[in-house]
$ cat protein_38.cif   # mmCIF, C-alpha atoms
data_start
loop_
_atom_site.label_atom_id
_atom_site.label_comp_id
_atom_site.auth_asym_id
_atom_site.auth_seq_id
_atom_site.Cartn_x
_atom_site.Cartn_y
_atom_site.Cartn_z
CA MET H 1 141.94 39.94 113.27
CA ILE H 2 139.38 39.88 116.08
CA ASP H 3 139.68 37.04 118.62
CA VAL H 4 136.51 35.88 120.38
CA GLU H 5 135.64 33.07 122.77
CA ILE H 6 132.07 31.82 122.47
CA SER H 7 130.58 29.08 124.63
CA SER H 8 128.36 26.33 123.26
CA ASP H 9 125.41 28.12 124.88
CA TYR H 10 125.41 30.41 121.82
CA LEU H 11 125.54 27.61 119.26
CA MET H 12 122.46 28.08 117.13
CA ARG H 13 122.68 25.22 114.69
CA GLU H 14 124.94 23.27 112.42
CA THR H 15 123.51 23.98 109.01
CA GLY H 16 123.78 21.49 106.20
CA THR H 17 124.03 22.82 102.64
CA SER H 18 125.11 21.30 99.37
CA GLU H 19 128.65 22.14 100.42
CA GLY H 20 128.60 20.54 103.86
CA THR H 21 127.99 21.58 107.46
CA GLN H 22 128.92 24.96 108.91
CA VAL H 23 128.89 25.78 112.61
CA LYS H 24 127.10 29.04 113.50
CA TYR H 25 126.77 31.01 116.73
CA TYR H 26 124.57 33.96 117.62
CA LYS H 27 125.74 36.34 120.35
CA ASP H 28 125.21 40.04 121.12
CA ASP H 29 123.38 40.66 117.82
CA TYR H 30 126.19 39.09 115.76
CA TRP H 31 126.15 35.93 113.66
CA TYR H 32 129.44 34.00 113.78
CA LYS H 33 130.40 31.34 111.21
CA LEU H 34 133.37 29.00 111.35
CA ASP H 35 135.28 28.22 108.17
CA ASN H 36 134.24 24.83 106.88
CA ARG H 37 136.31 23.58 103.93
CA GLY H 38 138.14 26.70 102.73
CA ASN H 39 138.75 30.35 103.57
CA GLU H 40 135.07 31.25 103.70
CA GLY H 41 135.54 33.96 106.33
CA LEU H 42 138.22 35.66 104.26
CA VAL H 43 135.96 35.52 101.21
CA GLU H 44 132.99 36.99 103.09
CA TYR H 45 135.22 39.87 104.19
CA LEU H 46 136.72 40.46 100.74
CA VAL H 47 133.34 40.40 99.01
CA SER H 48 131.59 42.73 101.45
CA LYS H 49 134.55 45.13 101.38
CA PHE H 50 134.49 45.02 97.57
CA LEU H 51 130.84 46.05 97.66
CA THR H 52 131.80 49.31 99.39
CA PHE H 53 133.41 50.30 96.05
CA THR H 54 130.14 49.84 94.14
CA ASP H 55 127.14 52.13 93.91
CA LEU H 56 125.03 49.83 96.07
CA SER H 57 123.76 51.30 99.31
CA PRO H 58 125.32 49.81 102.50
CA SER H 59 121.81 48.72 103.48
CA GLU H 60 121.67 46.43 100.44
CA TYR H 61 124.34 44.00 101.62
CA VAL H 62 125.70 42.48 104.80
CA ALA H 63 129.18 43.52 105.98
CA TYR H 64 131.47 40.79 107.31
CA GLU H 65 134.56 40.87 109.51
CA GLN H 66 137.21 38.18 109.79
CA VAL H 67 137.43 36.68 113.28
CA ASP H 68 139.10 33.86 115.16
CA ILE H 69 136.35 31.97 116.99
CA ASN H 70 137.61 29.76 119.81
CA GLY H 71 140.94 29.56 117.99
CA ARG H 72 139.42 28.75 114.61
CA ARG H 73 139.09 31.04 111.59
CA GLY H 74 135.73 32.41 110.58
CA CYS H 75 133.73 35.60 110.22
CA ARG H 76 130.95 37.56 111.81
CA SER H 77 128.17 39.87 110.68
CA ARG H 78 125.55 41.92 112.47
CA ASN H 79 122.00 40.63 112.48
CA PHE H 80 120.28 42.52 109.66
CA LEU H 81 116.80 42.07 111.15
CA LYS H 82 115.37 44.95 113.17
CA GLY H 83 112.50 44.91 115.62
CA ASP H 84 109.94 42.28 114.71
CA GLY H 85 111.35 41.77 111.21
CA GLU H 86 111.33 38.23 109.85
CA PHE H 87 113.56 36.79 107.15
CA VAL H 88 111.78 34.47 104.72
CA THR H 89 113.75 32.58 102.08
CA PHE H 90 112.38 31.90 98.62
CA TYR H 91 112.60 28.20 99.47
CA ARG H 92 110.60 28.49 102.70
CA LEU H 93 108.02 30.83 101.18
CA TYR H 94 107.27 28.33 98.42
CA GLN H 95 107.27 25.41 100.85
CA ASN H 96 104.80 27.20 103.12
CA GLU H 97 102.44 28.23 100.32
CA GLN H 98 102.72 25.36 97.86
CA GLY H 99 103.99 22.51 100.03
CA GLU H 100 106.72 21.72 97.52
CA ASP H 101 110.45 22.20 97.00
CA LEU H 102 110.90 25.18 94.66
CA SER H 103 114.33 23.99 93.54
CA LYS H 104 112.82 20.71 92.35
CA VAL H 105 109.90 22.47 90.67
CA ILE H 106 112.09 24.80 88.62
CA GLY H 107 114.57 21.98 88.04
CA MET H 108 111.93 20.26 85.93
CA MET H 109 111.75 23.27 83.61
CA ASP H 110 113.79 23.18 80.42
CA ALA H 111 114.78 26.83 80.03
CA MET H 112 116.54 29.23 82.38
CA GLU H 113 114.13 31.98 81.35
CA GLU H 114 111.15 29.86 82.39
CA ARG H 115 112.71 29.13 85.81
CA ILE H 116 113.38 32.81 86.47
CA GLU H 117 110.00 34.04 85.27
CA TYR H 118 108.16 31.39 87.29
CA THR H 119 110.01 32.35 90.47
CA VAL H 120 109.63 36.10 89.99
CA ARG H 121 105.93 35.67 89.24
CA PHE H 122 105.39 33.51 92.32
CA ILE H 123 107.06 36.10 94.60
CA LYS H 124 105.01 38.90 93.01
CA GLU H 125 101.73 37.05 93.44
CA SER H 126 102.53 35.89 96.98
CA CYS H 127 104.18 38.97 98.45
CA GLY H 128 103.25 41.86 96.18
CA ILE H 129 106.87 42.68 95.40
CA ASP H 130 108.87 42.57 92.16
CA VAL H 131 112.27 41.03 92.93
CA THR H 132 113.72 41.60 89.46
CA ASP H 133 116.00 44.45 90.55
CA TYR H 134 117.09 42.49 93.64
CA LEU H 135 118.06 39.51 91.50
CA LYS H 136 119.79 41.76 88.97
CA LYS H 137 122.12 43.01 91.71
CA ILE H 138 122.74 39.54 93.10
CA PHE H 139 123.63 37.94 89.77
CA THR H 140 125.86 40.85 88.83
CA LEU H 141 127.76 40.19 92.07
CA ASP H 142 127.79 36.42 91.65
CA ARG H 143 129.23 36.74 88.14
CA ILE H 144 132.14 38.77 89.50
CA ILE H 145 132.86 36.69 92.60
CA LEU H 146 132.02 33.29 91.07
CA ASN H 147 129.55 32.32 93.79
CA GLU H 148 128.81 28.60 93.65
CA ASP H 149 126.27 28.45 96.48
CA ARG H 150 123.42 30.83 95.57
CA HIS H 151 120.72 28.35 96.46
CA LEU H 152 117.12 29.34 97.22
CA ASN H 153 117.79 29.69 100.94
CA ASN H 154 120.31 32.43 100.11
CA LEU H 155 117.62 34.46 98.37
CA GLY H 156 114.90 36.01 100.47
CA LEU H 157 112.71 38.79 101.75
CA VAL H 158 112.30 40.63 105.03
CA TYR H 159 108.74 40.88 106.34
CA MET H 160 108.14 43.81 108.67
CA GLY H 161 105.24 46.11 109.38
CA GLY H 162 102.94 44.16 107.11
CA ARG H 163 105.18 44.59 104.05
CA PHE H 164 107.87 42.63 102.25
CA ALA H 165 111.21 44.04 101.10
CA PRO H 166 114.31 42.41 99.56
CA ALA H 167 116.75 41.09 102.13
CA PRO H 168 120.31 42.41 102.14
CA ILE H 169 122.68 40.39 99.95
CA PHE H 170 124.47 37.87 102.19
CA ASP H 171 126.33 34.56 102.37
CA GLN H 172 129.02 34.69 99.69
CA GLY H 173 131.52 32.42 101.48
CA LEU H 174 131.76 29.84 98.70
CA SER H 175 133.09 32.26 96.12
CA LEU H 176 136.46 33.33 94.65
CA LEU H 177 137.24 29.62 94.11
CA THR H 178 137.66 28.89 97.81
CA ALA H 179 136.60 25.33 98.68
CA ASN H 180 135.79 24.74 95.01
CA GLN H 181 136.23 21.01 94.46
CA SER H 182 136.99 21.46 90.76
CA VAL H 183 139.92 23.82 91.33
CA ASN H 184 143.34 22.69 90.16
CA TRP H 185 145.92 25.33 91.07
CA ARG H 186 148.41 23.82 88.66
CA LEU H 187 146.22 25.45 86.02
CA PRO H 188 145.97 29.23 85.45
CA VAL H 189 143.21 31.24 87.11
CA GLU H 190 141.33 31.68 83.85
CA GLU H 191 141.02 27.91 83.40
CA ASN H 192 139.72 27.45 86.95
CA VAL H 193 137.22 30.26 86.40
CA ARG H 194 135.79 28.36 83.44
CA ARG H 195 135.13 25.35 85.70
CA VAL H 196 132.78 27.23 88.06
CA VAL H 197 129.13 26.14 88.14
CA ALA H 198 126.49 28.73 89.06
CA ARG H 199 123.09 28.45 90.78
CA PRO H 200 120.08 28.45 91.02
CA PHE H 201 118.51 29.14 87.61
CA SER H 202 121.46 28.23 85.39
CA GLY H 203 124.88 26.67 85.67
CA SER H 204 126.28 29.79 83.97
CA HIS H 205 126.81 33.07 85.80
CA GLU H 206 127.17 34.77 82.44
CA LYS H 207 123.74 33.65 81.24
CA MET H 208 121.94 34.83 84.38
CA TRP H 209 123.77 38.17 84.23
CA GLU H 210 122.87 38.57 80.56
CA TYR H 211 119.21 37.88 81.34
CA PHE H 212 118.95 40.47 84.12
CA GLY H 213 121.50 43.04 82.95
CA GLU H 214 124.04 45.07 84.92
CA GLY H 215 122.95 45.55 88.52
CA PHE H 216 125.51 48.05 89.80
CA GLY H 217 128.62 49.99 88.89
CA VAL H 218 132.13 49.38 90.25
CA ASP H 219 134.96 51.82 90.94
CA ALA H 220 137.62 49.40 89.70
CA ARG H 221 140.55 51.74 90.35
CA ALA H 222 139.55 52.12 94.00
CA VAL H 223 139.16 48.33 94.30
CA PHE H 224 142.72 47.75 93.07
CA GLU H 225 144.09 50.42 95.42
CA TRP H 226 142.39 48.69 98.33
CA LEU H 227 143.50 45.19 97.30
CA GLU H 228 147.13 46.33 97.30
CA THR H 229 146.79 46.74 101.06
CA GLU H 230 145.43 43.22 101.62
CA PRO H 231 147.65 40.18 102.33
CA ASP H 232 148.27 37.89 99.37
CA SER H 233 145.94 34.94 98.96
CA LYS H 234 144.48 32.86 96.17
CA GLU H 235 141.09 34.44 96.86
CA LYS H 236 142.53 37.94 96.48
CA GLU H 237 144.20 36.86 93.24
CA VAL H 238 140.88 35.59 91.87
CA LEU H 239 139.07 38.81 92.80
CA GLU H 240 141.78 40.88 91.10
CA TYR H 241 141.48 38.71 87.98
CA GLN H 242 137.69 39.05 87.89
CA ILE H 243 137.73 42.82 88.37
CA ARG H 244 140.36 43.18 85.65
CA THR H 245 138.37 40.93 83.31
CA LEU H 246 134.83 42.17 83.94
CA CYS H 247 134.95 45.66 85.40
CA LEU H 248 137.57 47.61 83.44
#
$ encode --input "protein_38.cif" --output "structure tokens"
Amino acid sequence: MIDVEISSDYLMRETGTSEGTQVKYYKDDYWYKLDNRGNEGLVEYLVSKFLTFTDLSPSEYVAYEQVDINGRRGCRSRNFLKGDGEFVTFYRLYQNEQGEDLSKVIGMMDAMEERIEYTVRFIKESCGIDVTDYLKKIFTLDRIILNEDRHLNNLGLVYMGGRFAPAPIFDQGLSLLTANQSVNWRLPVEENVRRVVARPFSGSHEKMWEYFGEGFGVDARAVFEWLETEPDSKEKEVLEYQIRTLCL
């Protein structure tokens, strides 16, 4: 575990999401996040380490380390923007171009397929990029890790040199049932898994994965060998269960 002391001079913002407020710092090209309601830093580390056992390129996701920040648990990740690159979320892009909240617009649509196709079409027409493959990889991951916080500010593009490209996959802290308000650990893992609600196009991870298809392969044996070296935790137990259920 890395221990760091960071003064309030590096406090960037306290960001409010559907899951509450999370304190963030930016120092020496690293983003630091304090745990909020669960073991988010542990989850970020476990998920990004898990991704090293897939056939995704390291450039396609953000790597996280667990850290103690001013005596509190959290995580850090390097800034994925280079040079004059700019990160633009799906939410902000739609707000800037249409002046509306994309989540509310697609929320009025009856079918998941309509929500997805509307969003993909908007990105294509606005930025000249097809994000289907990007979303395929994200929803394959979210199905495995049970991400409950894939809102439209966690989906985005990087604009650099006059072109758009998919952003690296990031911000998986509210996964593996950590800080999940519906969890009841008197019940077995499989029952808690069934209680998870997905975002943003459907409440079902399975349905979004079925729509897009498999986004990457997993070396499950290597994942289990690695997890044997990690300290026991509920989050580790959930990841083991999901790999055993979905990837073998």
$ closest_residue --input "protein_38.cif" --among "H:Gly203, H:Gly107, H:Gly99, H:Gly213" --to "Asn147 of chain H" --atoms "all atoms listed in the file"
H:Gly203
$ atom_distance --input "protein_38.cif" --atom1 "atom CA of Glu86 of chain H" --atom2 "atom CA of Ala167 of chain H"
9.9 Å
$ closest_atom_pairs --input "protein_38.cif" --of "segment 111-198 of chain H" --to "segment 35-51 of chain H" --cutoff "10 Å" --atoms "only C-alpha atoms" --output "tab-separated table"
residue	atom	partner	partner_atom	distance
H:Leu141	CA	H:Leu51	CA	8.7
H:Ile144	CA	H:Val47	CA	9.7
H:Ile145	CA	H:Val47	CA	7.4
H:Ile169	CA	H:Ser48	CA	9.3
H:Phe170	CA	H:Glu44	CA	8.6
H:Asp171	CA	H:Glu44	CA	7.1
H:Gln172	CA	H:Glu44	CA	5.7
H:Gly173	CA	H:Glu40	CA	4.3
H:Leu174	CA	H:Glu40	CA	6.2
H:Ser175	CA	H:Val43	CA	6.7
H:Leu176	CA	H:Val43	CA	6.9
H:Leu177	CA	H:Gly38	CA	9.1
H:Thr178	CA	H:Gly38	CA	5.4
H:Ala179	CA	H:Gly38	CA	4.5
H:Asn180	CA	H:Gly38	CA	8.3
H:Gln181	CA	H:Arg37	CA	9.8
$ resolve_selection --input "protein_38.cif" --expression "the PyMOL selection byres ((chain H and resi 194) around 12)" --output "list in words"
Arg143, Leu146, Leu177, Ser182, Val183, Asn184, Leu187, Pro188, Val189, Glu190, Glu191, Asn192, Val193, Arg195, Val196, Val197, Ala198, Gly203, Ser204, His205, Glu206 and Gln242 of chain H
$ atom_distance --input "protein_38.cif" --atom1 "atom CA of Phe122 of chain H" --atom2 "atom CA of Leu135 of chain H"
14.0 Å
$ resolve_selection --input "protein_38.cif" --expression "the PyMOL selection byres ((chain H and resi 153-165) around 6)" --output "PyMOL selection string"
chain H and resi 85-91+150-152+166-167
$ atom_distance --input "protein_38.cif" --atom1 "atom CA of Lys236 of chain H" --atom2 "atom CA of Ala222 of chain H"
14.7 Å
$ resolve_selection --input "protein_38.cif" --expression "the PyMOL selection byres ((chain H and resi 78) around 7)" --output "list in words"
Asp29, Tyr30, Trp31, Arg76, Ser77, Asn79 and Phe80 of chain H
$ write_last_selection --input "protein_38.cif" --atoms "C-alpha atoms" --output "CSV table (one decimal), keeping the file's coordinate frame"
chain,number,residue,atom,x,y,z
H,29,ASP,CA,123.4,40.7,117.8
H,30,TYR,CA,126.2,39.1,115.8
H,31,TRP,CA,126.2,35.9,113.7
H,76,ARG,CA,131.0,37.6,111.8
H,77,SER,CA,128.2,39.9,110.7
H,79,ASN,CA,122.0,40.6,112.5
H,80,PHE,CA,120.3,42.5,109.7
$ closest_residue --input "protein_38.cif" --among "H:Arg72, H:Ser126, H:Lys207, H:Leu246" --to "Gln98 of chain H" --atoms "only C-alpha atoms"
H:Ser126
$ build_atoms --input "protein_38.cif" --residues "segment 206-218 of chain H" --atoms "N, CA and C atoms" --output "PDB file, keeping the file's coordinate frame"
ATOM      1  N   GLU H 206     127.258  33.841  83.571  1.00  0.00           N
ATOM      2  CA  GLU H 206     127.170  34.770  82.440  1.00  0.00           C
ATOM      3  C   GLU H 206     125.739  34.819  81.901  1.00  0.00           C
ATOM      4  N   LYS H 207     125.090  33.677  81.796  1.00  0.00           N
ATOM      5  CA  LYS H 207     123.740  33.650  81.240  1.00  0.00           C
ATOM      6  C   LYS H 207     122.739  34.345  82.153  1.00  0.00           C
ATOM      7  N   MET H 208     122.866  34.148  83.459  1.00  0.00           N
ATOM      8  CA  MET H 208     121.940  34.830  84.380  1.00  0.00           C
ATOM      9  C   MET H 208     122.192  36.328  84.372  1.00  0.00           C
ATOM     10  N   TRP H 209     123.448  36.739  84.307  1.00  0.00           N
ATOM     11  CA  TRP H 209     123.770  38.170  84.230  1.00  0.00           C
ATOM     12  C   TRP H 209     123.229  38.771  82.937  1.00  0.00           C
ATOM     13  N   GLU H 210     123.380  38.067  81.832  1.00  0.00           N
ATOM     14  CA  GLU H 210     122.870  38.570  80.560  1.00  0.00           C
ATOM     15  C   GLU H 210     121.345  38.717  80.590  1.00  0.00           C
ATOM     16  N   TYR H 211     120.668  37.801  81.258  1.00  0.00           N
ATOM     17  CA  TYR H 211     119.210  37.880  81.340  1.00  0.00           C
ATOM     18  C   TYR H 211     118.771  39.123  82.111  1.00  0.00           C
ATOM     19  N   PHE H 212     119.380  39.377  83.251  1.00  0.00           N
ATOM     20  CA  PHE H 212     118.950  40.470  84.120  1.00  0.00           C
ATOM     21  C   PHE H 212     119.577  41.812  83.746  1.00  0.00           C
ATOM     22  N   GLY H 213     120.797  41.796  83.236  1.00  0.00           N
ATOM     23  CA  GLY H 213     121.500  43.040  82.950  1.00  0.00           C
ATOM     24  C   GLY H 213     122.366  43.475  84.126  1.00  0.00           C
ATOM     25  N   GLU H 214     123.098  44.569  83.908  1.00  0.00           N
ATOM     26  CA  GLU H 214     124.040  45.070  84.920  1.00  0.00           C
ATOM     27  C   GLU H 214     123.297  45.635  86.115  1.00  0.00           C
ATOM     28  N   GLY H 215     123.669  45.157  87.319  1.00  0.00           N
ATOM     29  CA  GLY H 215     122.950  45.550  88.520  1.00  0.00           C
ATOM     30  C   GLY H 215     123.558  46.692  89.297  1.00  0.00           C
ATOM     31  N   PHE H 216     124.851  46.952  89.097  1.00  0.00           N
ATOM     32  CA  PHE H 216     125.510  48.050  89.800  1.00  0.00           C
ATOM     33  C   PHE H 216     126.836  48.372  89.133  1.00  0.00           C
ATOM     34  N   GLY H 217     127.326  49.578  89.403  1.00  0.00           N
ATOM     35  CA  GLY H 217     128.620  49.990  88.890  1.00  0.00           C
ATOM     36  C   GLY H 217     129.722  49.746  89.909  1.00  0.00           C
ATOM     37  N   VAL H 218     130.960  49.661  89.410  1.00  0.00           N
ATOM     38  CA  VAL H 218     132.130  49.380  90.250  1.00  0.00           C
ATOM     39  C   VAL H 218     133.207  50.418  89.987  1.00  0.00           C
TER      40      VAL H 218
END
